[in-house]
Each structure stands twice: as C-alpha cells, then as structure tokens.
Amino acid sequence: MKNIKACLISGIFLFLMIGCSVPEIREYVKEQQSAHIFPDYSGATLPFNLAPFNFEVKEPGDRFLVQISGKKGTPLRLASTNGKTLIPETQWQKLLDANKNDSITIEIFAKKSDGWHRFKPFRNLVSADAIDPYLYYRDIAPTNSLWNRMAMHQRNLQNFDEKEVFNNYRIEHDCMNCHTFNRNNPDQMLFHIRGKHGGTVFYNKGKLSKINLKTPETLSAGAYCSWHPAGKLVAFAVNKIVQNYYLSGFDHKVKEVFDLASDIVLYNIETNKVFTFPQISSSKRENLPCWSADGKYLYYTLADEYKTDMPNEENLYSLMRVSFDESTNNMGQPEEIISAEKIGKSIAFPTVSPDGRFMLFSMVDFGYFPVNNKSADLYLIDLKTMQMTKPAVNSSESESYFSWSGNSRWFVFSSRRLDGVASKPFICHIDSTGQVSKPFIVPQKDPAFYAVDNRNFSRPELLKQSFNLNFRDIKGIVFKDATDVSYDGATMSSSSLSINKN
Amino acid sequence: MEKLFERRNLVLTAALAAAAYLGFTYFVIEPELYLMRNYREFFIDFYFFKQFFQFPGYPADYFSRFLIGFYNFHVISSVIITCFVASTYCLMVSIFRNEKKNYWLPLLPVILLMSMHNDYDHDLKNDLNMVCLLVTLNVHLSSVARNSKNAVWVYALLLVFICYFNGFVAATFWLLYLLVILIKHKTPKSQLLWYLVETAIVVIVLRVVFNLTFHDYLQELTDMMRVYSFPLLPFILYLSVFIPIIFYEAKGEFIFRKLKLKPVWLAYSVLILMISVLFLTFSFEQKNGLKVKYFGLKHDWAKVLEYSKKCTNPDRNVSFFTNAALFHTGKICDDLFSYYQGYGSDGLIAPEITDYSEVITNQDIFLQMGALSLSVVWGTEATNVYGANPIVLKNLVKAYLAEGQLKEAQKFLNLMSHSLFCKNWVTCYQRFIDDSTMIDRDPELSEYRRLQLPQAEVFAKGVEMNLYLLSHNSKNNKMAYDYLVISILLDNRMNDFATCLTGLKTYGYTSLPKVYMEGLLYYSLFAKGIPIDPQEFTFDNRVINRFGEFGKDLAAARNDLPRARMNLQAKYGDTYWYYILFESRISDEERNEILARMIG
C-alpha cells in the first residue's frame, strides 16, 4: 500500500515537474513577425519602478516560453501552457534596476504541431525616470445617468497592491466625482459628493471639511477644478449641464454633454469664500480651469454663448489663459492660445506639467466631454515655444483625461482603445524635448483582466505618496451638512455678474 | 393521523410536506420568474471570485447570486428553494434536540420563509443567512454540550465567519440567539464574560481590518429593508427563531394543555395555516406582470398578450411589452384599446424611467425599433443597476453587432464567456465577430441594422421626437411610425395625428386600421375635412356605425356618466372614444369639450 502511495506521489510530482519546467529549445522556426500579446507592451518605454507587465501570448500553441533579458542582470525564463506570462515581481524589479537607461528584450517561443517557433523579439526601453508610485482613480461603470456602485481606488504601480479608499455603498449610493489632488500631492485633495449627502469634501493637510460651493450668485456648485500650486485657492467651473443621447449608432456616438452656461469661480479655502472676475465669468462659457505650474496663469477653455438649438459643430471651445497675481488678487486680460474657430475643433481638459514646460489636452470635433467622443485625441503644447504637436499615441477611440507624474517625465491618460466600452489608464514617457513614447496600459496581475473588466478607470491621477485616508476618517464630515460658502462680490464688475446667466 | 406525527414518522411527514412545497414552487411560483427581478450573473473564474469577495460585498450575497443562476432550470430552482426551507426546519429542530420535543414551533421561521419566497423580489441571501445562522448555532451548542474546552474559541471562529460571510445584521441576531440560550442555560457569569470579551475583540478587529463604521451597519439594515413590500420581513424572520427558544421553556406541552388540543388538531391547524400563508401572500398579479416581462424579453408575443389580459393593474413594463406584442402580432392598430392604455404615450416607450426595472425593458424596445445607440445607453445603465445581467449583456452584444461595433461586442462576449449559463450563446454569437458578413445574413441582426437611422440624430427628451426621427429618416421603420401615430393619438393631439396619417401609404397601408379610423372619426368632430382620401383605402363600415351608436349611448347617459361608465365600457371599452373620455390623462375641461362634441 505504501508503495502505491509513494508511486502516486512521485507520479504527481513528476507530472507537475514536466508541466511547469522551462524547456530547453535548441531548434526552432524563426517567425518574421512579433508575437501578438495582450495587453500590448511591445516597444513601450517603461519606468524602472513599474510592476511586472504580465501578458498573454495570443498565438496558437500548446506550450510557450517567454525569455526576458537585458545586458545586465539575470534573464527571466517563463514557461506556460496557456500563454499567460506571469512575471515574478522581485526578479523583474532586479532586472529593470540593472538595466536602467538601457533596454530589455522579450523573446517569445510557441510550440506548435511542427515544433518550436521563435517570434521576432521586441525591446522595451527602461527609463531611469521614476513614475509616481500611486495611481488614484474612480472605479465606475461606463454609465450615463444612474449609478449605484462606484468607488475610489488607489493602485500601487510598483506592484499589484490596490486598496479601495471610498465606496459609495457607504454613503447611501451617492455619486462621488472629480477627485483632484494638488500637484500629485496627497496632502491636498478634494472630491464632490452628489445626492443626499452632497457637498465638496476637502482634505487639506490633515484637516477635513465638507463645503457647499453653491451660492445664490453662482450658476451651480463647483464641478471641474484645479488647485492653485500655493494650495490656498481652487479654481472651479460652475456649469449648467445638459445631456443628450443619440438615437442610432450609425456614427457610433452615444451621448453628448454640453453646457447651457458656465463660469469659473475661485474658492479660498482659508476664508471659505468664492469669488470671480469678469474675465472668467463673462456671458460666454468659461470652463475646465487649470493653473500653470507657477500659479501665475489660469488656463481654461472658452466657448461662445449658448443659443437655443445650437448645432453641435458650433459648440467649440478655445484654449485661453489669464494672468493672476495671488498676492494682490489681480487678474489680467485673457489671451487666446488656440482659437477653436481657426482649427475647427474644440479643446478639453488642458493639463500643465508640474515643471511648467508642457501642456496636454484633448481635441474633439465639438463640445468638451471627450470621454464619450471617439474623435477625442491627445495633443501637446510646448509652453516654452507654444508649438502644438499631436504625438503618435492616439487611437481611433477616445483619449481623454490626463495626469502628469511629479517629475513631469510620465503622464497617464484615459483611453477606450482596448474595447471602445470603458476607459482604461495608459502610461507614456515624455522626454525633455517633448518626445512621447508608445503608450502602455497599467499592468495587472491577471493578464486577462482588461479583456473582461468593463468598468471605467475614471480620472486616473498619479500620486507621489500613498493617500492614506479611508472611509472611517471621512465619515465624521460626510454625514454632516455641508458648510455654506459665502460669495465675495468685491472683485466682480457690475456688468457681468454670472447670476445674469440664470 | 396521530401516528403520522409520532417521532418515527417525522421524516415521512417532513418529506411529504417538502414534496408538497416543491410542487407549489414548481407549479405556482415558477422560480424562473425571480430572474426577472434580481438576476446578476455570478462568474466563477478566480478573478471574479476574488472581486466578489471583497468587502463590503458579503460572500452570502454572491453565493446566493451563484445559486440564482440555476433558476434558469425550473426543476433545480424548485429543489433549491425547497432544500433551503426544509433545511431551516431540520436545523431548527436540531437546535432543540435535547429539549422535550415539539415539532410545531420550529415551523414558524419556515412559514415566514415561505411567505418571503412568494414575493418575487425575494433575496435568496435571507435563506442562506438563516441556514448559516442555524448551522453555526448548532455547532456552537454541540461544542458546549460536549463541554469541549475549545467551545470558547469555536465561538470566536463562528462569530468571525458569520460577520464576514453573512454580514453584521445577521451576526447581531446570532449573538442575540446565543445570549438568550446562554442565559436560559444559566451559564456562569465568568463564561459569559469570556464571550463578551471575545465578541468585543472580534468586532474591533473586523472594524479595523475593513474600516467599518456604524453607518455601514445602518446601510446594511436599510438595504435589507428595501427588498420586500413589508420592510421588516427579514428581521421578523430572524426574530422568529427566538419564539421556539423562549417557548421551549414551557416544554411545548403547555400549549396543548392550555388549549386542550390534541396534537393532531394542532397538525391540522398548522397545515391550514401554511396553506393559507402560501396562497394569501402570493400575488398572482405580480406573477402575471413578470410573466409578461419574461415572455416579452423572449419575444414570445402571443404569450405576452395572454398574460397581459390577466393583469388587472399593469405596471409600465407590462404596458411596454403589451404594446410591443400588439405591434409584432400585427394587432396594434386593431386591438390597442382591448388592453390597458392608461399610461398614455408613456406606456409605449419611456423617455425617463420611473422604476429601475424599466431600464431593461427600454433597452429591449429601443433595440427592436433600431434605436441602437439608445439601446446601448439603457443597456449600459442596466449593467450599473443590475450588474452582469445576461439579458442585458445579450442585448448589448446584439446592438453592438448590428451597429458593426465588433470590438465592443467582443468585450461583452468575453465577459459572458466566464458565465456558467451563457457559453453556448457566446459560441453562437462569436461567429458574427469572426465573420462579420454573417451579421447581414442573420434575420434578427440584419433587421436591427436595417431599421437604424441613416445618420445619427441627437435625441431630445420625449418619446415623440425619437419616434419622429426614427420613422421619418428610415421609411421602413413601421414600428416607429405606428408608435408615433399611436403616441399622438393617446395624447389627444389631433392635428398632429392628421399630419402623421398622410404617411399611411408610405408604410404600406391599403386599408384603414380600426384604431386609426376611430381616431379619424373623432378628428372629424373638430375639423372640417379629413387628411386622407378615403377612396384610397378600404375600411370597415361597422366602425362608423359604432361611432354613431356611441354618440347616442353617450347622449342617453349624459346625466349620470359615472354610473353609465360600466355599461359603456362593456360595449365600447375597446374603442379610442371610450379611452379618450374615460381613461386618458386629459384635463376635465378638455373632457367636457369632447363630450359636448360627441353628444352634439
């Protein structure tokens, strides 16, 4: 009996050994093409502090071997029977560390009926520029008006750790949106809650508050926003938003979001007052504010006043900026950076790099809501030369929200290129001259994750450190009534009160 | 009979009762209908498994969803429900195995559970919670009965299990049961203190690990109360376990002696009580409404009309599917008013939903009409409300395929391929992605493709604008045209009705349908001429005669219309004229004017 047991155990052990062992391949057929892998990481520039880019080989075969090597460090040889390549984290980190400022090569072999095939290897550059280690995003279904489950998540990009920070289950399914950090810094953050417990939650260096930003003088509560680098002011767009849907799918369009009116207001977190200037609350529609890196300019988008039954094609936003002196509270005259009329397109979500050199934005056929618009592409402006370029990173699907890494060498953006259904976060490297590398998707432990996951990674934001709040920390203020702000009308000229737009 | 209820025959009695309930479940409840209310697919792959088990989703939630998937199979679902009910009874009896036997009191939670199953909103999680509570209670009592040294630690483990698997509300009831039992058994104070300390440690640890707050607890309570029409039902179910615990003190016999009842009479009364509960708490109205939706989503239009007739107070879902069925069976222009139209044009398609369940209906009806983007919009909303509901996912795949958006269709096929119950469907529809030319050869998909607009149009809120765009831009979209004319007719907008009627020939009408003719006759009361040339159409003269008779009958009853309404309904209930006077949502002023014209 003992012998039978021993044989059985040995047999199982032998089977597992053969199944999992890394094959030695001496003869193979050379393929001229690179292997198809999912997700596609070929040719991308990687930060040295990135989690392993696990992928699935999408080639026929019953056994697979993936060999990852660099000039230095120990090569990794990974065998599988289903093409799923799961890279050990520690060895991967060592390999990337050893090959900083150089590259790694990925060779893929597949065993078919006629023996082993070797696909054309691909290379990935390993940048010595670190990416901010955390990615903060909202996990939400690609929904339009109903919601019952959404959460804010924080993903560690150096490994696969992910934590749920807030879940709307805990606030009676209210909507949470527009989380915004000040320059990749988790010490200053805000997000809006819409619904029963509505208000804007501010986290300011350890202090929490919930504010009602709606005043009788302004169009609405604050929506799209940007922290002033000094951390005292936040610019908010206040919008009268309308949603329209398309009846039929001929143009593959589903939904359009537009504003009947909009302004920009500034909120002083120390005095709890909102104020605005005629320059940014005119009868036209000012929207999507973004402070420059030094806080001396406020970038925003501007469209003409809304007219009833205005065709979509006329709903175009230009890129503007206006100087601002925080010490004297003076605002200069608006300057047009990109004229929508001239380019015949619309600008959305301008985002300035922390070093102040570059700006990313979306360009769409019309409107300012790129996430549902397949025409949305990513553009770059060198703010030193004011040259606009369209980096070769765009797809036929929507490219929408951008967030820069603290060192301005990486950015993450939302793209629907994988499936056209949900936005996923893609990362690009950008060098000091503005050269942008091929985008790659944030790696996941399970390479099949993106094939089935139909949730949006909404507003991906890179963070220098972990954001350590959780629901228990904020519950004290979430369930309380929001503190009303007061409106400081001293800066307004009487000719352009935003309330007139009501 | 008495012998039947002796201990040795208990198994036989229980088996008979279970078989009877199985029959009731199979033939009366028809568990497949639960899927119409609360069907979220549970995917079995590890990736999904891990995701589902993250807090605050209690595993009991997801495990119950896994079981609900089997409701696709009629027999299996009936067996599952019966097993839960039977297990609850057996476990209740088992808790008191050392007490003097009384097999009636443990029936209390069973009866409650049965009445809860009669509600199609029922959450199977309550069954699972009940069974888990009773199993753990049994385990704990066994360890205490054996005077096991580990009883105290077993208690802690069981508490952690209940908190994690079933949630904190269930755990609260479990603690209450234990407290009552421990006090009843006169447990030493030192041991009670131990339990108390352990409970505190478990609660604190779980609170820290999952960042729990009291608000989470309240949220769980609120969510449980949202399920049933009587919100406290789940708590009454859990509390029902107390009754036997407390009553066993009276050794059961007490009741018999007091009431001077023989056990056999008690058996009869329990039996009558159970049957009464089963039939009194069962709503055939709810069942018929769900049957309409069930057959509507399967596009079995004859069955839809059959069950729609049985609905005395139909909701908007019933109205949507009834009208769709009338169109697909070619009866919409003849039999429209033989069915309830009290929702007016809002009973055709909903521009805005009034109930979450309408998102699935909306998605399906817009798909049938070729409004593919709107079908996708509502389908996407439905994925947020219902999660991965296979009905919704299938319609999303169809809409995307008809639009030619293969990447998007592939996404949802990928998702569904992880399901236990959709694999064949996925294989079948994967063919359209592998060879997209097959889409045009598929009757259903090519029809959706044919109906869609030649160019995209912005949807303005309002049924009418949708229908106008769909019918105006695609001359083949007869469904949109009929819906447009009927929606205008239902809203009593006769000038627009007259304009729309000029398009009859375009949509292939050679004879004037009954409903349109009734509308036209009514229109003639207000206008000098009619918008079409009657010579171009054949029509039924009986409609004209009936219109005359209706006017006469109305004139005769003008002094006491409310009383005469019943008679008029019996005679003219299937006409537009009756609808507009007695069922439509027009103002009293308008109604009086119409009445005057009809009588005059």
# chains A, B, ... in the order shown; residues from 1 in each chain; ligands from 1
$ interface_residues --of "chain A" --to "chain B" --cutoff "10 Å" --atoms "only C-alpha atoms" --output "ChimeraX atom specification"
/A:140-150,164-165,167,169-173,243-256,311-312,417-422,445-446,448-455,470-473,475,479
$ select_by_dssp --residues "range 219-253 of chain B" --states "alpha helix (DSSP H)" --output "list in words"
Gln219, Glu220, Leu221, Thr222, Asp223, Met224, Met225, Leu233, Pro234, Phe235, Ile236, Leu237, Tyr238, Leu239, Phe242, Ile243, Pro244, Ile245, Ile246, Phe247 and Glu253 of chain B
$ residues_around --residues "Phe284 in chain B" --least-positions-apart "5" --cutoff "12 Å" --atoms "only C-alpha atoms" --output "JSON, numbers by chain"
{"B": [28, 29, 30, 118, 119, 120, 278, 279, 289, 290, 291, 307, 310, 311, 312, 313, 314]}
$ residues_around --residues "Trp291 in chain A" --least-positions-apart "3" --cutoff "8 Å" --atoms "only C-alpha atoms" --output "number ranges by chain"
A: 226-229, 294-299, 352
$ residues_around --residues "Trp410 in chain A" --least-positions-apart "2" --cutoff "9 Å" --atoms "only C-alpha atoms" --output "number ranges by chain"
A: 47, 129-132, 403-408, 412, 427-431
$ closest_residue --among "A:Ala482, A:Met388, A:Ile343, A:Ser400" --to "His192 in chain A" --atoms "only C-alpha atoms"
A:Ala482
$ residues_around --residues "Ala340 in chain A" --least-positions-apart "5" --cutoff "8 Å" --atoms "only C-alpha atoms" --output "PyMOL selection string"
chain A and resi 316-319+345-347
$ write_last_selection --atoms "N, CA, C and O atoms" --output "tab-separated table (two decimals), in the first residue's frame"
chain	number	residue	atom	x	y	z
A	316	LEU	N	-17.83	74.93	-29.90
A	316	LEU	CA	-16.38	74.74	-29.90
A	316	LEU	C	-15.72	75.56	-28.80
A	316	LEU	O	-16.08	76.72	-28.58
A	317	TYR	N	-14.76	74.96	-28.16
A	317	TYR	CA	-14.05	75.63	-27.06
A	317	TYR	C	-12.62	75.98	-27.47
A	317	TYR	O	-11.88	75.12	-27.99
A	318	SER	N	-12.24	77.24	-27.23
A	318	SER	CA	-10.86	77.68	-27.48
A	318	SER	C	-10.06	77.50	-26.20
A	318	SER	O	-10.62	77.41	-25.10
A	319	LEU	N	-8.74	77.49	-26.35
A	319	LEU	CA	-7.87	77.43	-25.17
A	319	LEU	C	-7.45	78.86	-24.83
A	319	LEU	O	-6.95	79.59	-25.69
A	345	LYS	N	-11.91	72.84	-34.30
A	345	LYS	CA	-12.09	71.77	-33.31
A	345	LYS	C	-12.22	72.38	-31.92
A	345	LYS	O	-12.09	73.60	-31.77
A	346	SER	N	-12.43	71.54	-30.95
A	346	SER	CA	-12.69	72.02	-29.60
A	346	SER	C	-11.65	71.46	-28.62
A	346	SER	O	-11.21	70.31	-28.77
A	347	ILE	N	-11.31	72.29	-27.63
A	347	ILE	CA	-10.25	71.91	-26.68
A	347	ILE	C	-10.90	71.45	-25.37
A	347	ILE	O	-11.87	72.06	-24.91
$ residues_around --residues "Tyr195 in chain B" --least-positions-apart "4" --cutoff "8 Å" --atoms "only C-alpha atoms" --output "ChimeraX atom specification"
/B:152,155,191,199
$ select_by_dssp --residues "range 423-480 of chain A" --states "strand (DSSP E or B)" --output "number ranges by chain"
A: 424-430, 436, 440-441, 456-463
$ write_last_selection --atoms "all heavy atoms" --output "short mmCIF file (atom, residue, chain, number, x, y, z; two decimals), in the first residue's frame"
data_model
loop_
_atom_site.label_atom_id
_atom_site.label_comp_id
_atom_site.auth_asym_id
_atom_site.auth_seq_id
_atom_site.Cartn_x
_atom_site.Cartn_y
_atom_site.Cartn_z
N LYS A 424 -9.57 53.00 -19.87
CA LYS A 424 -8.51 52.34 -19.09
C LYS A 424 -7.29 53.25 -19.05
O LYS A 424 -7.07 54.05 -19.96
CB LYS A 424 -8.12 51.01 -19.75
CG LYS A 424 -9.29 50.05 -19.94
CD LYS A 424 -9.84 49.54 -18.65
CE LYS A 424 -10.99 48.58 -18.85
NZ LYS A 424 -11.86 48.47 -17.71
N PRO A 425 -6.46 53.13 -18.02
CA PRO A 425 -5.32 54.04 -17.89
C PRO A 425 -4.10 53.59 -18.70
O PRO A 425 -3.63 52.46 -18.55
CB PRO A 425 -5.02 53.99 -16.39
CG PRO A 425 -5.51 52.65 -15.95
CD PRO A 425 -6.60 52.21 -16.88
N PHE A 426 -3.58 54.48 -19.53
CA PHE A 426 -2.38 54.22 -20.31
C PHE A 426 -1.28 55.19 -19.86
O PHE A 426 -1.57 56.34 -19.54
CB PHE A 426 -2.66 54.39 -21.80
CG PHE A 426 -3.42 53.22 -22.39
CD1 PHE A 426 -4.78 53.09 -22.19
CD2 PHE A 426 -2.75 52.23 -23.12
CE1 PHE A 426 -5.48 52.02 -22.71
CE2 PHE A 426 -3.44 51.15 -23.64
CZ PHE A 426 -4.81 51.04 -23.43
N ILE A 427 -0.06 54.68 -19.89
CA ILE A 427 1.07 55.49 -19.42
C ILE A 427 2.01 55.77 -20.59
O ILE A 427 2.25 54.89 -21.43
CB ILE A 427 1.84 54.74 -18.30
CG1 ILE A 427 0.92 54.53 -17.09
CG2 ILE A 427 3.11 55.48 -17.90
CD1 ILE A 427 1.49 53.63 -16.02
N CYS A 428 2.54 57.00 -20.63
CA CYS A 428 3.53 57.36 -21.66
C CYS A 428 4.72 58.03 -21.00
O CYS A 428 4.55 58.76 -20.01
CB CYS A 428 2.94 58.38 -22.63
SG CYS A 428 1.85 57.70 -23.83
N HIS A 429 5.88 57.83 -21.59
CA HIS A 429 7.05 58.58 -21.16
C HIS A 429 7.18 59.78 -22.07
O HIS A 429 6.87 59.73 -23.26
CB HIS A 429 8.30 57.69 -21.28
CG HIS A 429 9.54 58.39 -20.83
ND1 HIS A 429 10.44 58.94 -21.72
CD2 HIS A 429 10.02 58.65 -19.59
CE1 HIS A 429 11.42 59.51 -21.03
NE2 HIS A 429 11.20 59.33 -19.74
N ILE A 430 7.65 60.90 -21.52
CA ILE A 430 7.91 62.09 -22.34
C ILE A 430 9.27 62.63 -21.93
O ILE A 430 9.54 62.78 -20.73
CB ILE A 430 6.78 63.14 -22.18
CG1 ILE A 430 7.11 64.40 -22.98
CG2 ILE A 430 6.48 63.48 -20.74
CD1 ILE A 430 5.92 65.36 -23.12
N VAL A 436 7.31 61.73 -27.13
CA VAL A 436 6.42 60.87 -26.33
C VAL A 436 6.57 59.42 -26.80
O VAL A 436 6.57 59.15 -28.01
CB VAL A 436 4.95 61.32 -26.48
CG1 VAL A 436 4.03 60.45 -25.65
CG2 VAL A 436 4.81 62.78 -26.06
N PHE A 440 1.46 52.41 -22.88
CA PHE A 440 1.19 51.03 -22.43
C PHE A 440 0.19 51.10 -21.28
O PHE A 440 0.12 52.09 -20.55
CB PHE A 440 2.47 50.32 -22.01
CG PHE A 440 3.15 50.92 -20.81
CD1 PHE A 440 2.86 50.49 -19.53
CD2 PHE A 440 4.10 51.93 -20.97
CE1 PHE A 440 3.48 51.05 -18.43
CE2 PHE A 440 4.73 52.49 -19.87
CZ PHE A 440 4.42 52.05 -18.59
N ILE A 441 -0.58 50.06 -21.15
CA ILE A 441 -1.63 50.04 -20.13
C ILE A 441 -1.05 49.66 -18.77
O ILE A 441 -0.05 48.92 -18.71
CB ILE A 441 -2.76 49.07 -20.56
CG1 ILE A 441 -4.05 49.37 -19.80
CG2 ILE A 441 -2.35 47.62 -20.37
CD1 ILE A 441 -5.28 48.78 -20.46
N ASN A 456 -14.96 51.60 -15.80
CA ASN A 456 -14.09 52.72 -16.16
C ASN A 456 -13.05 52.95 -15.09
O ASN A 456 -13.37 52.92 -13.90
CB ASN A 456 -14.91 54.00 -16.25
CG ASN A 456 -15.53 54.21 -17.61
OD1 ASN A 456 -14.98 53.81 -18.62
ND2 ASN A 456 -16.69 54.84 -17.63
N PHE A 457 -11.83 53.24 -15.50
CA PHE A 457 -10.84 53.80 -14.59
C PHE A 457 -10.97 55.31 -14.78
O PHE A 457 -10.29 55.90 -15.60
CB PHE A 457 -9.42 53.35 -14.96
CG PHE A 457 -9.08 51.96 -14.53
CD1 PHE A 457 -9.77 50.86 -15.00
CD2 PHE A 457 -8.02 51.74 -13.66
CE1 PHE A 457 -9.43 49.59 -14.60
CE2 PHE A 457 -7.67 50.46 -13.26
CZ PHE A 457 -8.38 49.38 -13.72
N SER A 458 -11.86 55.92 -14.04
CA SER A 458 -12.20 57.32 -14.29
C SER A 458 -11.20 58.24 -13.58
O SER A 458 -10.85 58.01 -12.43
CB SER A 458 -13.63 57.55 -13.79
OG SER A 458 -13.91 58.89 -13.67
N ARG A 459 -10.78 59.33 -14.27
CA ARG A 459 -9.85 60.32 -13.76
C ARG A 459 -8.63 59.70 -13.07
O ARG A 459 -8.44 59.86 -11.85
CB ARG A 459 -10.56 61.26 -12.79
CG ARG A 459 -11.52 62.22 -13.44
CD ARG A 459 -12.22 63.06 -12.42
NE ARG A 459 -11.36 64.08 -11.86
CZ ARG A 459 -11.32 65.35 -12.26
NH1 ARG A 459 -12.09 65.75 -13.23
NH2 ARG A 459 -10.51 66.21 -11.67
N PRO A 460 -7.81 58.99 -13.81
CA PRO A 460 -6.59 58.45 -13.18
C PRO A 460 -5.65 59.58 -12.79
O PRO A 460 -5.35 60.45 -13.60
CB PRO A 460 -5.99 57.58 -14.28
CG PRO A 460 -6.50 58.14 -15.55
CD PRO A 460 -7.85 58.73 -15.25
N GLU A 461 -5.21 59.61 -11.55
CA GLU A 461 -4.32 60.67 -11.05
C GLU A 461 -3.08 60.03 -10.44
O GLU A 461 -3.20 59.13 -9.60
CB GLU A 461 -5.03 61.47 -9.95
CG GLU A 461 -6.15 62.36 -10.42
CD GLU A 461 -5.71 63.82 -10.55
OE1 GLU A 461 -4.51 64.09 -10.37
OE2 GLU A 461 -6.58 64.66 -10.84
N LEU A 462 -1.92 60.49 -10.86
CA LEU A 462 -0.67 59.96 -10.29
C LEU A 462 -0.37 60.66 -8.97
O LEU A 462 -0.56 61.88 -8.85
CB LEU A 462 0.48 60.15 -11.26
CG LEU A 462 0.44 59.24 -12.50
CD1 LEU A 462 1.40 59.71 -13.57
CD2 LEU A 462 0.72 57.79 -12.13
N LEU A 463 0.10 59.89 -8.00
CA LEU A 463 0.40 60.45 -6.67
C LEU A 463 1.80 60.09 -6.24
O LEU A 463 2.25 58.96 -6.43
CB LEU A 463 -0.58 59.88 -5.63
CG LEU A 463 -2.02 60.35 -5.67
CD1 LEU A 463 -2.79 59.71 -4.53
CD2 LEU A 463 -2.09 61.86 -5.55
#
$ atom_distance --atom1 "CA of Val392 in chain B" --atom2 "CA of Leu33 in chain B"
15.8 Å
$ atom_distance --atom1 "CA of Gly296 in chain B" --atom2 "CA of Ile365 in chain B"
9.6 Å
$ atom_distance --atom1 "CA of Lys112 in chain A" --atom2 "CA of Gly61 in chain A"
4.7 Å
$ decode --residues "range 290-344 of chain A" --atoms "C-alpha atoms" --output "PDB file, in the first residue's frame"
ATOM      1  CA  CYS A 290      -6.106  74.580 -14.940  1.00  0.00           C
ATOM      2  CA  TRP A 291      -3.417  76.548 -13.118  1.00  0.00           C
ATOM      3  CA  SER A 292       0.046  76.921 -14.586  1.00  0.00           C
ATOM      4  CA  ALA A 293       2.866  75.300 -12.629  1.00  0.00           C
ATOM      5  CA  ASP A 294       3.880  78.610 -11.016  1.00  0.00           C
ATOM      6  CA  GLY A 295       0.291  79.671 -10.402  1.00  0.00           C
ATOM      7  CA  LYS A 296       0.727  82.878 -12.382  1.00  0.00           C
ATOM      8  CA  TYR A 297      -1.665  81.864 -15.137  1.00  0.00           C
ATOM      9  CA  LEU A 298      -5.033  80.263 -15.185  1.00  0.00           C
ATOM     10  CA  TYR A 299      -5.643  78.225 -18.328  1.00  0.00           C
ATOM     11  CA  TYR A 300      -9.203  77.462 -19.275  1.00  0.00           C
ATOM     12  CA  THR A 301     -11.448  76.774 -22.230  1.00  0.00           C
ATOM     13  CA  LEU A 302     -13.946  79.211 -23.668  1.00  0.00           C
ATOM     14  CA  ALA A 303     -16.946  78.794 -25.938  1.00  0.00           C
ATOM     15  CA  ASP A 304     -19.454  81.259 -27.298  1.00  0.00           C
ATOM     16  CA  GLU A 305     -22.697  81.860 -25.505  1.00  0.00           C
ATOM     17  CA  TYR A 306     -25.177  79.029 -25.929  1.00  0.00           C
ATOM     18  CA  LYS A 307     -28.007  79.611 -28.353  1.00  0.00           C
ATOM     19  CA  THR A 308     -31.164  77.520 -28.494  1.00  0.00           C
ATOM     20  CA  ASP A 309     -30.804  74.536 -30.822  1.00  0.00           C
ATOM     21  CA  MET A 310     -27.163  75.401 -31.415  1.00  0.00           C
ATOM     22  CA  PRO A 311     -25.709  72.711 -33.687  1.00  0.00           C
ATOM     23  CA  ASN A 312     -23.009  70.569 -32.161  1.00  0.00           C
ATOM     24  CA  GLU A 313     -20.492  71.753 -34.736  1.00  0.00           C
ATOM     25  CA  GLU A 314     -20.743  75.289 -33.376  1.00  0.00           C
ATOM     26  CA  ASN A 315     -20.153  74.186 -29.827  1.00  0.00           C
ATOM     27  CA  LEU A 316     -16.380  74.738 -29.903  1.00  0.00           C
ATOM     28  CA  TYR A 317     -14.046  75.634 -27.062  1.00  0.00           C
ATOM     29  CA  SER A 318     -10.862  77.677 -27.476  1.00  0.00           C
ATOM     30  CA  LEU A 319      -7.869  77.434 -25.173  1.00  0.00           C
ATOM     31  CA  MET A 320      -7.377  80.604 -23.146  1.00  0.00           C
ATOM     32  CA  ARG A 321      -5.202  81.842 -20.348  1.00  0.00           C
ATOM     33  CA  VAL A 322      -5.326  84.760 -17.993  1.00  0.00           C
ATOM     34  CA  SER A 323      -2.610  86.033 -15.687  1.00  0.00           C
ATOM     35  CA  PHE A 324      -3.239  86.077 -11.976  1.00  0.00           C
ATOM     36  CA  ASP A 325      -1.366  87.544  -9.076  1.00  0.00           C
ATOM     37  CA  GLU A 326      -2.277  85.727  -5.918  1.00  0.00           C
ATOM     38  CA  SER A 327      -0.635  88.266  -3.614  1.00  0.00           C
ATOM     39  CA  THR A 328      -2.644  91.200  -4.954  1.00  0.00           C
ATOM     40  CA  ASN A 329      -5.610  89.171  -6.157  1.00  0.00           C
ATOM     41  CA  ASN A 330      -5.415  90.778  -9.583  1.00  0.00           C
ATOM     42  CA  MET A 331      -6.383  89.128 -12.797  1.00  0.00           C
ATOM     43  CA  GLY A 332      -5.048  90.252 -16.176  1.00  0.00           C
ATOM     44  CA  GLN A 333      -6.672  90.195 -19.566  1.00  0.00           C
ATOM     45  CA  PRO A 334      -7.493  86.844 -21.240  1.00  0.00           C
ATOM     46  CA  GLU A 335      -5.258  85.689 -24.083  1.00  0.00           C
ATOM     47  CA  GLU A 336      -6.299  83.190 -26.698  1.00  0.00           C
ATOM     48  CA  ILE A 337      -3.766  80.366 -27.010  1.00  0.00           C
ATOM     49  CA  ILE A 338      -5.623  78.203 -29.531  1.00  0.00           C
ATOM     50  CA  SER A 339      -8.587  79.527 -31.417  1.00  0.00           C
ATOM     51  CA  ALA A 340     -11.327  76.937 -31.892  1.00  0.00           C
ATOM     52  CA  GLU A 341     -12.599  78.894 -34.847  1.00  0.00           C
ATOM     53  CA  LYS A 342      -9.251  78.635 -36.608  1.00  0.00           C
ATOM     54  CA  ILE A 343      -8.676  74.939 -36.038  1.00  0.00           C
ATOM     55  CA  GLY A 344     -12.354  73.986 -36.367  1.00  0.00           C
TER      56      GLY A 344
END
